[in-house]
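Undergrad: Next up, my_file.txt (compact mmCIF, C-alpha atoms).
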```txt
# COMPACT_ATOMS: atom_id res chain seq x y z
CA MET M 26 0.00 0.00 0.00
CA TYR M 27 1.02 3.54 -0.37
CA THR M 28 -0.09 6.92 0.32
CA GLN M 29 -0.23 10.59 -0.15
CA ALA M 30 1.98 10.67 2.91
CA ILE M 31 5.00 10.36 0.67
CA ASP M 32 4.28 13.88 -0.38
CA MET M 33 3.60 15.31 3.07
CA PRO M 34 5.63 17.99 4.76
CA GLN M 35 7.15 16.85 8.03
CA GLY M 36 8.12 18.87 11.08
CA GLY M 37 11.64 20.17 11.35
CA LYS M 38 14.02 22.48 9.59
CA ASP M 39 13.62 24.06 6.22
CA GLU M 40 14.44 21.39 3.69
CA THR M 41 14.84 23.44 0.57
CA PRO M 42 17.93 22.37 -1.35
CA HIS M 43 21.02 24.55 -1.01
CA GLY M 44 22.94 25.72 -4.02
CA PRO M 45 26.33 24.20 -4.72
CA ARG M 46 28.93 25.44 -2.23
CA SER M 47 32.19 24.91 -4.07
CA LEU M 48 33.53 24.53 -7.57
CA LYS M 49 33.80 20.78 -7.02
CA ASP M 50 30.15 20.65 -5.92
CA ALA M 51 29.13 22.64 -8.99
CA GLU M 52 30.90 20.09 -11.18
CA TYR M 53 29.20 17.21 -9.37
CA GLU M 54 25.86 18.92 -9.62
CA ALA M 55 26.24 19.43 -13.37
CA GLU M 56 27.04 15.74 -13.74
CA PHE M 57 24.05 14.80 -11.57
CA ASP M 58 21.71 16.97 -13.70
CA ALA M 59 23.14 15.47 -16.88
CA LYS M 60 22.49 11.96 -15.56
CA LEU M 61 18.86 12.83 -14.80
CA ALA M 62 18.48 14.41 -18.24
CA ARG M 63 19.78 11.20 -19.87
CA GLY M 64 17.31 9.16 -17.80
CA ASP M 65 20.16 7.39 -15.94
CA PHE M 66 19.60 6.08 -12.44
CA ILE M 67 21.28 7.56 -9.38
CA GLU M 68 22.88 4.89 -7.18
CA PRO M 69 23.68 5.01 -3.43
CA LYS M 70 27.35 6.07 -3.55
CA ASP M 71 26.86 8.64 -6.34
CA TRP M 72 27.01 12.32 -5.48
CA MET M 73 23.56 13.85 -4.99
CA PRO M 74 22.29 17.24 -3.79
CA ASP M 75 21.25 17.43 -0.12
CA GLY M 76 17.68 18.24 -1.07
CA TYR M 77 17.43 15.14 -3.27
CA ARG M 78 18.74 12.93 -0.47
CA LYS M 79 16.44 14.46 2.14
CA THR M 80 13.39 14.25 -0.09
CA LEU M 81 14.10 10.59 -0.78
CA VAL M 82 14.71 9.72 2.88
CA ARG M 83 11.46 11.42 3.84
CA GLN M 84 9.44 9.86 1.03
CA ILE M 85 10.84 6.31 1.19
CA SER M 86 10.65 6.16 4.99
CA GLN M 87 7.09 7.53 5.09
CA HIS M 88 6.24 4.94 2.49
CA ALA M 89 7.87 2.19 4.60
CA HIS M 90 6.06 3.36 7.75
CA SER M 91 2.76 3.26 5.84
CA GLU M 92 3.33 -0.37 4.87
CA ILE M 93 4.08 -1.29 8.46
CA VAL M 94 1.18 0.63 10.02
CA GLY M 95 -1.00 -0.67 7.18
CA MET M 96 -0.68 -4.16 8.64
CA LEU M 97 -2.72 -3.10 11.67
CA PRO M 98 -6.23 -2.39 10.27
CA GLU M 99 -6.19 -5.66 8.32
CA GLY M 100 -4.40 -7.76 10.93
CA ASN M 101 -7.40 -6.94 13.07
CA TRP M 102 -9.50 -9.28 10.88
CA ILE M 103 -7.21 -12.31 10.58
CA THR M 104 -8.84 -14.15 13.47
CA ARG M 105 -12.30 -13.27 12.20
CA ALA M 106 -11.97 -14.22 8.52
CA PRO M 107 -15.08 -16.21 7.50
CA THR M 108 -13.26 -19.18 5.92
CA LEU M 109 -9.84 -20.81 6.05
CA LYS M 110 -9.25 -19.75 2.43
CA ARG M 111 -9.91 -16.08 3.20
CA LYS M 112 -7.78 -16.33 6.32
CA SER M 113 -4.81 -17.72 4.36
CA ILE M 114 -5.20 -14.98 1.74
CA LEU M 115 -5.38 -12.23 4.36
CA LEU M 116 -2.37 -13.62 6.22
CA ALA M 117 -0.37 -13.64 2.98
CA LYS M 118 -1.44 -10.08 2.21
CA VAL M 119 -0.54 -8.73 5.65
CA GLN M 120 2.80 -10.55 5.43
CA ASP M 121 3.39 -8.85 2.07
CA GLU M 122 2.78 -5.44 3.66
CA GLY M 123 5.45 -6.26 6.23
CA GLY M 124 7.77 -7.35 3.41
CA HIS M 125 7.12 -4.11 1.51
CA GLY M 126 8.05 -2.15 4.61
CA MET M 127 11.32 -4.12 4.82
CA TYR M 128 12.23 -3.54 1.13
CA LEU M 129 11.61 0.16 1.59
CA TYR M 130 13.50 0.55 4.88
CA ALA M 131 16.44 -1.19 3.17
CA ALA M 132 16.21 1.28 0.26
CA ALA M 133 16.08 4.27 2.65
CA GLU M 134 19.11 2.97 4.55
CA THR M 135 21.21 3.15 1.36
CA LEU M 136 20.92 6.94 1.75
CA GLY M 137 22.83 6.91 5.02
CA VAL M 138 20.13 6.76 7.70
CA SER M 139 19.94 3.88 10.16
CA ARG M 140 16.94 1.63 10.67
CA ASP M 141 16.74 2.68 14.31
CA GLU M 142 16.59 6.37 13.37
CA LEU M 143 13.74 5.66 10.96
CA VAL M 144 11.77 3.59 13.46
CA GLU M 145 12.35 6.21 16.15
CA ALA M 146 10.99 8.95 13.85
CA LEU M 147 7.79 6.95 13.36
CA HIS M 148 7.35 6.13 17.03
CA SER M 149 7.96 9.68 18.23
CA GLY M 150 5.36 10.97 15.77
CA LYS M 151 7.96 12.99 13.84
CA ALA M 152 7.55 10.95 10.67
CA LYS M 153 4.20 10.67 8.95
CA TYR M 154 2.53 7.58 7.52
CA SER M 155 -0.49 7.37 5.25
CA SER M 156 -3.56 8.78 6.97
CA ILE M 157 -5.72 6.19 5.20
CA PHE M 158 -4.76 3.76 7.98
CA ASN M 159 -6.29 6.01 10.59
CA TYR M 160 -9.76 4.96 9.49
CA PRO M 161 -11.32 1.94 11.23
CA THR M 162 -12.14 -1.41 9.58
CA LEU M 163 -15.70 -1.94 10.80
CA ASN M 164 -16.96 -4.94 8.87
CA TRP M 165 -15.56 -7.83 6.81
CA ALA M 166 -16.36 -6.02 3.55
CA ASP M 167 -13.81 -3.37 4.61
CA ILE M 168 -11.10 -5.94 3.94
CA GLY M 169 -12.35 -6.32 0.38
CA VAL M 170 -12.73 -2.59 -0.15
CA ILE M 171 -9.24 -1.88 1.20
CA GLY M 172 -7.85 -4.30 -1.40
CA TRP M 173 -9.96 -2.92 -4.23
CA LEU M 174 -9.86 0.84 -3.56
CA VAL M 175 -6.96 1.51 -1.19
CA ASP M 176 -4.53 -0.88 -2.86
CA GLY M 177 -5.98 0.14 -6.23
CA ALA M 178 -5.12 3.78 -5.49
CA ALA M 179 -1.73 2.63 -4.22
CA ILE M 180 -0.99 0.85 -7.50
CA MET M 181 -1.82 3.97 -9.52
CA ASN M 182 0.62 5.91 -7.35
CA GLN M 183 3.31 3.25 -7.31
CA ILE M 184 3.62 2.26 -10.94
CA PRO M 185 5.30 5.55 -11.94
CA LEU M 186 7.68 5.13 -8.97
CA CYS M 187 9.13 2.01 -10.65
CA ARG M 188 10.78 4.52 -13.01
CA CYS M 189 11.93 6.92 -10.32
CA SER M 190 15.50 8.18 -10.63
CA TYR M 191 16.87 6.59 -7.46
CA GLY M 192 17.87 2.99 -8.27
CA PRO M 193 17.22 1.24 -4.94
CA TYR M 194 13.76 2.86 -4.61
CA ALA M 195 12.81 2.01 -8.20
CA ARG M 196 13.91 -1.62 -7.73
CA ALA M 197 11.96 -1.94 -4.46
CA MET M 198 8.89 -0.51 -6.20
CA ILE M 199 9.10 -3.07 -9.00
CA ARG M 200 8.94 -5.89 -6.45
CA ILE M 201 6.10 -4.17 -4.60
CA CYS M 202 3.99 -3.52 -7.69
CA LYS M 203 4.18 -7.18 -8.71
CA GLU M 204 2.77 -8.20 -5.34
CA GLU M 205 0.26 -5.37 -5.07
CA SER M 206 -1.76 -6.67 -7.99
CA PHE M 207 -2.64 -9.75 -5.92
CA HIS M 208 -3.84 -7.43 -3.14
CA GLN M 209 -6.26 -5.59 -5.36
CA ARG M 210 -7.61 -8.68 -7.09
CA GLN M 211 -8.19 -10.64 -3.89
CA GLY M 212 -10.13 -7.63 -2.53
CA TYR M 213 -12.36 -7.39 -5.57
CA ASP M 214 -12.86 -11.16 -5.54
CA LEU M 215 -13.91 -11.01 -1.88
CA LEU M 216 -16.49 -8.30 -2.70
CA LEU M 217 -17.82 -10.20 -5.74
CA THR M 218 -18.42 -13.17 -3.45
CA MET M 219 -20.26 -11.04 -0.91
CA MET M 220 -22.37 -9.48 -3.67
CA GLN M 221 -23.62 -12.99 -4.52
CA GLY M 222 -24.86 -13.28 -0.94
CA THR M 223 -27.76 -11.92 1.08
CA ALA M 224 -29.24 -8.41 1.05
CA GLU M 225 -27.49 -7.83 4.36
CA GLN M 226 -24.13 -8.72 2.78
CA HIS M 227 -24.80 -6.34 -0.14
CA ALA M 228 -25.49 -3.62 2.41
CA MET M 229 -22.17 -4.36 4.16
CA VAL M 230 -20.29 -3.94 0.87
CA GLN M 231 -22.10 -0.69 0.02
CA ASP M 232 -21.48 0.64 3.52
CA ALA M 233 -17.76 -0.09 3.24
CA VAL M 234 -17.57 1.53 -0.23
CA ASN M 235 -19.36 4.63 1.11
CA ARG M 236 -16.83 5.01 3.93
CA TRP M 237 -13.64 4.34 1.91
CA TRP M 238 -14.33 6.10 -1.40
CA TRP M 239 -13.44 9.65 -0.35
CA PRO M 240 -10.43 8.72 1.81
CA ALA M 241 -9.14 6.69 -1.17
CA LEU M 242 -9.40 9.75 -3.44
CA ALA M 243 -7.60 11.85 -0.83
CA MET M 244 -4.71 9.33 -0.89
CA PHE M 245 -3.41 11.01 -4.04
CA GLY M 246 -2.64 14.07 -1.95
CA PRO M 247 -3.47 17.76 -2.25
CA HIS M 248 -4.35 19.35 -5.58
CA ASP M 249 -1.32 20.06 -7.74
CA ALA M 250 -1.50 23.79 -6.99
CA GLN M 251 -1.23 23.11 -3.23
CA SER M 252 1.29 20.31 -3.31
CA THR M 253 4.42 21.49 -1.44
CA HIS M 254 7.04 19.05 -2.68
CA SER M 255 5.82 18.30 -6.19
CA GLY M 256 8.02 20.83 -8.04
CA ASP M 257 11.37 19.49 -6.85
CA SER M 258 10.20 15.89 -6.99
CA ILE M 259 9.24 16.20 -10.63
CA LYS M 260 12.48 18.01 -11.48
CA TRP M 261 14.47 15.22 -9.82
CA GLY M 262 12.61 12.40 -11.52
CA ILE M 263 11.21 11.10 -8.22
CA LYS M 264 7.64 11.93 -9.13
CA ARG M 265 6.56 11.36 -12.72
CA ILE M 266 2.81 12.10 -12.75
CA SER M 267 0.95 14.80 -10.80
CA ASN M 268 -1.48 14.11 -7.92
CA ASP M 269 -4.53 15.29 -9.88
CA ASP M 270 -3.67 13.29 -12.99
CA LEU M 271 -3.22 10.11 -10.96
CA ARG M 272 -6.49 10.74 -9.11
CA GLN M 273 -8.33 11.15 -12.41
CA LYS M 274 -6.80 7.93 -13.75
CA PHE M 275 -7.99 6.13 -10.61
CA VAL M 276 -11.56 7.45 -10.90
CA ASP M 277 -11.71 6.53 -14.59
CA ALA M 278 -10.50 2.99 -13.86
CA THR M 279 -12.75 2.47 -10.84
CA VAL M 280 -16.15 3.61 -12.13
CA PRO M 281 -16.60 0.64 -14.51
CA GLN M 282 -15.35 -1.76 -11.79
CA ALA M 283 -18.04 -0.45 -9.42
CA LYS M 284 -20.65 -1.10 -12.08
CA VAL M 285 -19.56 -4.73 -12.55
CA LEU M 286 -19.60 -5.19 -8.79
CA GLY M 287 -23.06 -3.63 -8.52
CA VAL M 288 -22.29 -0.88 -6.00
CA THR M 289 -22.81 2.88 -6.13
CA LEU M 290 -19.92 5.28 -5.57
CA PRO M 291 -21.04 7.89 -3.03
CA ASP M 292 -20.70 10.99 -5.21
CA PRO M 293 -23.84 12.57 -6.76
CA GLU M 294 -21.62 14.69 -9.03
CA LEU M 295 -19.92 11.69 -10.62
CA LYS M 296 -20.71 11.78 -14.34
CA TRP M 297 -19.06 11.08 -17.69
CA ASN M 298 -17.66 14.13 -19.45
CA GLY M 299 -17.47 13.31 -23.15
CA GLU M 300 -15.59 16.49 -23.94
CA ARG M 301 -12.74 15.72 -21.53
CA GLY M 302 -12.97 11.99 -22.06
CA HIS M 303 -12.93 11.54 -18.26
CA TRP M 304 -15.31 11.11 -15.35
CA ASP M 305 -16.10 14.35 -13.49
CA PHE M 306 -16.31 14.02 -9.72
CA GLY M 307 -17.30 16.20 -6.76
CA PRO M 308 -15.01 18.21 -4.45
CA ILE M 309 -12.92 16.43 -1.82
CA ASP M 310 -13.36 17.52 1.79
CA TRP M 311 -9.80 18.71 2.47
CA GLY M 312 -10.73 19.88 5.96
CA GLU M 313 -11.41 16.27 6.90
CA PHE M 314 -8.21 15.14 5.15
CA TRP M 315 -5.94 17.56 7.05
CA ASN M 316 -7.75 16.81 10.27
CA VAL M 317 -6.76 13.14 9.95
CA VAL M 318 -3.23 13.94 8.74
CA ASN M 319 -2.79 16.17 11.79
CA GLY M 320 -3.65 13.39 14.19
CA HIS M 321 -7.37 13.68 14.79
CA GLY M 322 -8.65 10.68 12.81
CA ALA M 323 -10.63 7.87 14.44
CA CYS M 324 -7.58 5.63 14.96
CA ASN M 325 -4.40 7.79 14.91
CA ARG M 326 -3.62 7.26 18.58
CA GLU M 327 -4.52 3.58 18.59
CA ARG M 328 -2.38 2.77 15.52
CA LEU M 329 0.74 4.43 16.83
CA ALA M 330 0.26 3.01 20.32
CA ASP M 331 -0.13 -0.53 18.88
CA ARG M 332 2.98 -0.08 16.76
CA VAL M 333 5.10 1.21 19.64
CA GLN M 334 3.88 -1.58 21.90
CA ALA M 335 4.74 -4.26 19.33
CA TRP M 336 8.25 -2.78 19.04
CA ASP M 337 8.73 -2.55 22.81
CA ASP M 338 7.36 -6.05 23.39
CA GLY M 339 9.93 -7.39 20.91
CA ALA M 340 12.89 -5.63 22.54
CA TRP M 341 13.91 -8.60 24.69
CA VAL M 342 13.99 -10.85 21.61
CA ARG M 343 16.25 -8.46 19.71
CA GLU M 344 18.54 -8.13 22.70
CA ALA M 345 18.65 -11.87 23.40
CA ALA M 346 19.43 -12.71 19.76
CA LEU M 347 22.27 -10.19 19.75
CA ALA M 348 23.66 -11.54 23.04
CA HIS M 349 23.49 -15.09 21.68
CA ALA M 350 25.32 -14.11 18.49
CA GLU M 351 28.02 -12.39 20.56
CA LYS M 352 28.41 -15.47 22.78
CA GLN M 353 28.79 -17.72 19.71
CA ARG M 354 31.47 -15.43 18.31
CA ARG M 355 33.39 -15.51 21.60
CA ARG M 356 33.24 -19.31 21.65
CA ASP M 357 34.43 -19.53 18.05
CA ARG M 358 37.36 -17.26 18.89
CA LEU M 359 38.32 -19.37 21.92
CA ALA M 360 38.14 -22.58 19.90
CA ALA M 361 40.30 -21.13 17.14
CA MET N 14 21.27 -3.30 28.13
CA GLU N 15 22.15 -0.53 25.72
CA ARG N 16 19.92 -0.55 22.68
CA GLN N 17 21.91 -1.72 19.69
CA GLU N 18 20.89 -2.22 16.10
CA TRP N 19 21.28 -5.62 14.44
CA PRO N 20 23.98 -5.50 11.73
CA LEU N 21 23.06 -5.13 8.08
CA TRP N 22 23.45 -8.05 5.63
CA GLU N 23 23.27 -7.87 1.85
CA VAL N 24 21.14 -10.56 0.24
CA PHE N 25 21.91 -12.40 -3.02
CA ILE N 26 19.45 -14.85 -4.54
CA ARG N 27 19.78 -17.52 -7.23
CA SER N 28 16.35 -17.52 -8.86
CA LYS N 29 16.86 -20.93 -10.49
CA SER N 30 19.62 -23.43 -11.17
CA GLY N 31 21.87 -22.29 -13.97
CA LEU N 32 21.67 -18.60 -13.08
CA ASP N 33 23.98 -16.43 -10.97
CA HIS N 34 23.14 -15.23 -7.49
CA LYS N 35 21.90 -11.67 -7.87
CA HIS N 36 21.78 -8.88 -5.30
CA CYS N 37 18.18 -8.16 -4.27
CA GLY N 38 18.27 -6.07 -1.08
CA SER N 39 19.31 -6.26 2.53
CA VAL N 40 18.11 -7.38 5.95
CA HIS N 41 19.11 -6.81 9.56
CA ALA N 42 20.07 -9.83 11.66
CA PRO N 43 22.26 -10.63 14.67
CA ASP N 44 24.06 -13.50 12.90
CA ALA N 45 24.32 -15.34 9.58
CA LYS N 46 21.75 -17.97 10.50
CA LEU N 47 19.03 -15.42 11.23
CA ALA N 48 20.11 -13.31 8.25
CA LEU N 49 19.36 -16.31 6.01
CA GLN N 50 16.03 -16.86 7.75
CA ASN N 51 15.04 -13.18 7.40
CA ALA N 52 16.17 -13.08 3.77
CA ARG N 53 14.03 -16.12 3.07
CA ASP N 54 10.99 -14.49 4.70
CA VAL N 55 11.46 -11.08 3.09
CA TYR N 56 12.68 -11.94 -0.42
CA THR N 57 11.32 -15.38 -1.38
CA ARG N 58 7.61 -15.44 -0.56
CA ARG N 59 6.74 -16.37 -4.15
CA MET N 60 9.31 -18.93 -5.22
CA GLU N 61 11.80 -16.23 -6.24
CA GLY N 62 14.76 -18.34 -5.23
CA VAL N 63 16.42 -21.74 -4.89
CA SER N 64 19.51 -20.52 -3.02
CA ILE N 65 20.40 -17.54 -0.82
CA TRP N 66 23.72 -15.90 0.06
CA VAL N 67 24.01 -13.32 2.81
CA VAL N 68 27.11 -11.17 3.29
CA LYS N 69 27.70 -8.73 6.10
CA ALA N 70 27.40 -5.29 4.49
CA SER N 71 30.52 -4.12 6.35
CA ASP N 72 32.54 -6.91 4.64
CA ILE N 73 31.82 -5.63 1.14
CA HIS N 74 34.46 -3.47 -0.53
CA ALA N 75 33.14 -1.31 -3.35
CA SER N 76 34.94 0.68 -6.01
CA ASP N 77 34.91 4.44 -5.55
CA PRO N 78 32.26 6.10 -7.74
CA ASP N 79 34.68 9.02 -8.24
CA ALA N 80 37.16 6.57 -9.77
CA LYS N 81 34.69 5.57 -12.47
CA PRO N 82 36.56 7.33 -15.32
CA GLU N 83 40.01 5.85 -14.64
CA LEU N 84 38.56 2.40 -13.95
CA PHE N 85 36.14 2.03 -16.81
CA ASP N 86 36.90 4.55 -19.54
CA PRO N 87 40.07 2.80 -20.80
CA ALA N 88 37.86 -0.01 -22.14
CA GLU N 89 36.02 2.45 -24.36
CA ASP N 90 38.66 2.80 -27.09
CA LYS N 91 39.56 -0.89 -27.27
CA ILE N 92 36.94 -1.81 -29.79
CA TYR N 93 39.27 -4.48 -31.23
CA ARG N 94 38.25 -6.60 -28.22
CA HIS N 95 34.84 -7.11 -29.81
CA PRO N 96 34.17 -9.63 -32.59
CA THR N 97 32.28 -7.04 -34.66
CA PHE N 98 35.54 -5.08 -35.11
CA TYR N 99 36.71 -7.59 -37.70
CA GLN N 100 35.26 -7.37 -41.21
CA LEU N 101 35.54 -10.77 -42.87
CA PRO N 102 34.46 -11.85 -46.37
CA ASP N 103 30.73 -12.58 -46.57
CA GLU N 104 31.26 -16.32 -47.12
CA VAL N 105 32.95 -16.71 -43.73
CA ASN N 106 31.39 -13.79 -41.82
CA HIS N 107 29.26 -16.08 -39.64
CA MET N 108 32.55 -17.05 -37.90
```
Let me see whether you can do it: turn the structure in this file into structure tokens.
TA:
Amino acid sequence: MYTQAIDMPQGGKDETPHGPRSLKDAEYEAEFDAKLARGDFIEPKDWMPDGYRKTLVRQISQHAHSEIVGMLPEGNWITRAPTLKRKSILLAKVQDEGGHGMYLYAAAETLGVSRDELVEALHSGKAKYSSIFNYPTLNWADIGVIGWLVDGAAIMNQIPLCRCSYGPYARAMIRICKEESFHQRQGYDLLLTMMQGTAEQHAMVQDAVNRWWWPALAMFGPHDAQSTHSGDSIKWGIKRISNDDLRQKFVDATVPQAKVLGVTLPDPELKWNGERGHWDFGPIDWGEFWNVVNGHGACNRERLADRVQAWDDGAWVREAALAHAEKQRRRDRLAA
Amino acid sequence: MERQEWPLWEVFIRSKSGLDHKHCGSVHAPDAKLALQNARDVYTRRMEGVSIWVVKASDIHASDPDAKPELFDPAEDKIYRHPTFYQLPDEVNHM
């Protein structure tokens, strides 16, 4: 999964890139720009401007945090899945989210930050994660709708990142996108099954769609005109397609899927615009969006508290494993 | 006990017999045994591999990116190292 959070400002110092400081830097910077212009990838040990590095650390780590926190709303349903088949699928999906977090933390670490620093930034509330995970999962259909809409929106966002200019991030995104397709399809499949069920089950699906539709649209982030980091990110080849263009692509792809499923999308202004060749849709409630980003969503506190507790509860295991490894090394040295 | 991060290991995977091990990412682990276990969990959930290598990241020595020109440019003007440099008569040019 992924999120608008990759484009969110974060507390702290001004992060605008500085100009080159010396002649040597100017030379490096010219070479860096030439590489981007040729469409070459930037690799970990290559010279890069401070702003580029900081933007990537912020974006990749927020993305990683989102994958990790994203395990929580779904993990909630593993013990309540209606069949063994659905339980196995959900387990595999949640495990994938954990894996995605690991690929991304590894990519962020190539930029010179440590895993502990990244985790600490999440736990202290300094780093953001996708606000989509601050909404509750109230019924089983939510699991299907998260796969269909939330992972669907994530895929739209993530496919262009497979071509992003930073090699380790692009390679991690290729792996993630391959797996994400399973997430969306299993969600849609779950909903199709429920739609073959009782009137009550139909109502559960519609209820879940009604609650997730607008938050899913907000996942693409603020309108292009209000998007703080977009300019630099596009210049640096980190972001390839604008928030509004991706959002439109998502709406256009989703409307026919909703029809096949037999649900209504909760937007009275949704209608085909033949002139534009796109679906028009109503205004997004940005007040609600920022409210959740700023910590006042239904589950912000619970998610972070659960995450911190899981980390703290695992501390003795990490310490014991390290102590054991050290003991083995000492024994090996003595035997040698 | 002072909080200490598990060391970083680079992960290389052979996707099937007959192919090289290829770098695919990294994991944190206290020792080689757990590094292999973590690499298996993180990088081979869909039959991506038949063999895994893990190497402590601190044991890898890499060439200096600034030395790229002196290391790799000299190969550029040695086109006679490639078979296509040699023009042979048509009858034998499949050689």
Undergrad: Measure the distance from atom CA of Leu242 of chain M to atom CA of Asp121 of chain M in Å and round it to one decimal.
TA: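 Separation of atom CA of Leu242 of chain M and atom CA of Asp121 of chain M: 23.2 Å.
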Undergrad: Go through chain M residue by residue and, counting all atoms listed in the file, keep those with an atom at most 8 Å from chain N; for each kept residue give the shortest atom pair and its distance in Å to one decimal, ordered by chain and increasing number, as CSV.
TA:
```
residue,atom,partner,partner_atom,distance
M:Lys70,CA,N:Pro78,CA,6.5
M:Asp71,CA,N:Pro78,CA,6.1
M:Gly124,CA,N:Val55,CA,5.3
M:Met127,CA,N:Val55,CA,7.2
M:Tyr128,CA,N:Gly38,CA,6.9
M:Ala131,CA,N:Ser39,CA,5.9
M:Ala132,CA,N:Gly38,CA,7.7
M:Arg140,CA,N:Glu18,CA,7.7
M:Asp141,CA,N:Glu18,CA,6.7
M:Arg343,CA,N:Trp19,CA,7.8
M:Glu344,CA,N:Arg16,CA,7.7
M:Ala346,CA,N:Pro43,CA,6.2
M:Leu347,CA,N:Pro43,CA,5.1
M:Ala350,CA,N:Asp44,CA,5.8
```
Undergrad: Got a sec: who's within 10 Å of segment 312-319 of chain M, counting all atoms listed in the file, leaving out chain neighbours fewer than 4 positions off, as a PyMOL selection string?
TA: chain M and resi 29-30+33+153-160+239-240+243-244+246-247+323-325
Undergrad: Got time to write the residues from that selection, C-alpha atoms, as a PDB file, keeping the file's coordinate frame?
TA:
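The file below, out_14.pdb, is the result:
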```pdb
ATOM      1  CA  GLN M  29      -0.230  10.590  -0.150  1.00  0.00           C
ATOM      2  CA  ALA M  30       1.980  10.670   2.910  1.00  0.00           C
ATOM      3  CA  MET M  33       3.600  15.310   3.070  1.00  0.00           C
ATOM      4  CA  LYS M 153       4.200  10.670   8.950  1.00  0.00           C
ATOM      5  CA  TYR M 154       2.530   7.580   7.520  1.00  0.00           C
ATOM      6  CA  SER M 155      -0.490   7.370   5.250  1.00  0.00           C
ATOM      7  CA  SER M 156      -3.560   8.780   6.970  1.00  0.00           C
ATOM      8  CA  ILE M 157      -5.720   6.190   5.200  1.00  0.00           C
ATOM      9  CA  PHE M 158      -4.760   3.760   7.980  1.00  0.00           C
ATOM     10  CA  ASN M 159      -6.290   6.010  10.590  1.00  0.00           C
ATOM     11  CA  TYR M 160      -9.760   4.960   9.490  1.00  0.00           C
ATOM     12  CA  TRP M 239     -13.440   9.650  -0.350  1.00  0.00           C
ATOM     13  CA  PRO M 240     -10.430   8.720   1.810  1.00  0.00           C
ATOM     14  CA  ALA M 243      -7.600  11.850  -0.830  1.00  0.00           C
ATOM     15  CA  MET M 244      -4.710   9.330  -0.890  1.00  0.00           C
ATOM     16  CA  GLY M 246      -2.640  14.070  -1.950  1.00  0.00           C
ATOM     17  CA  PRO M 247      -3.470  17.760  -2.250  1.00  0.00           C
ATOM     18  CA  ALA M 323     -10.630   7.870  14.440  1.00  0.00           C
ATOM     19  CA  CYS M 324      -7.580   5.630  14.960  1.00  0.00           C
ATOM     20  CA  ASN M 325      -4.400   7.790  14.910  1.00  0.00           C
TER      21      ASN M 325
END
```
Undergrad: Could you give me, as a ChimeraX atom specification, the residues within 9 Å of Asp257 of chain M, counting all atoms listed in the file and dropping anything in the same chain fewer than 6 positions from it?
TA: /M:76-77,80,263-264
Undergrad: Pick from M:Gln87, M:Gly169, M:Val175, M:Asn164: nearest to Glu225 of chain M, with only C-alpha atoms counted?
TA: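 The shortest atom-to-atom distance to Glu225 of chain M comes from M:Asn164.
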Undergrad: Could you state the separation of atom CA of Lys81 of chain N and atom CA of Asp75 of chain M in Å, given to one decimal place?
TA: 21.8 Å
Undergrad: I'd like to know which of M:Val234, M:Leu216, M:Leu271, M:Leu163 is closest to Ile180 of chain M, using only C-alpha atoms.
TA: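 Using only C-alpha atoms, the shortest distance to Ile180 of chain M belongs to M:Leu271.
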Undergrad: Which one of N:Thr57, N:Pro87, N:Ala48, N:Trp66 sits closest to His36 of chain N if you count all atoms listed in the file?
TA: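 Ranked by minimum distance to His36 of chain N, first place goes to N:Trp66.
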Undergrad: Quick one: everything within 10 Å of Ala133 of chain M, counting only C-alpha atoms, minus sequence neighbours fewer than 3 positions away in the same chain. Send it as a list of chain:residue names.
TA: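 So, after excluding close chain neighbours, the residues are M:Pro69, M:Arg78, M:Leu81, M:Val82, M:Arg83, M:Gln84, M:Ile85, M:Ser86, M:Gln87, M:His88, M:Ala89, M:Met127, M:Tyr128, M:Leu129, M:Tyr130, M:Leu136, M:Gly137, M:Val138, M:Ser139, M:Arg140, M:Leu143, M:Pro193, M:Tyr194.
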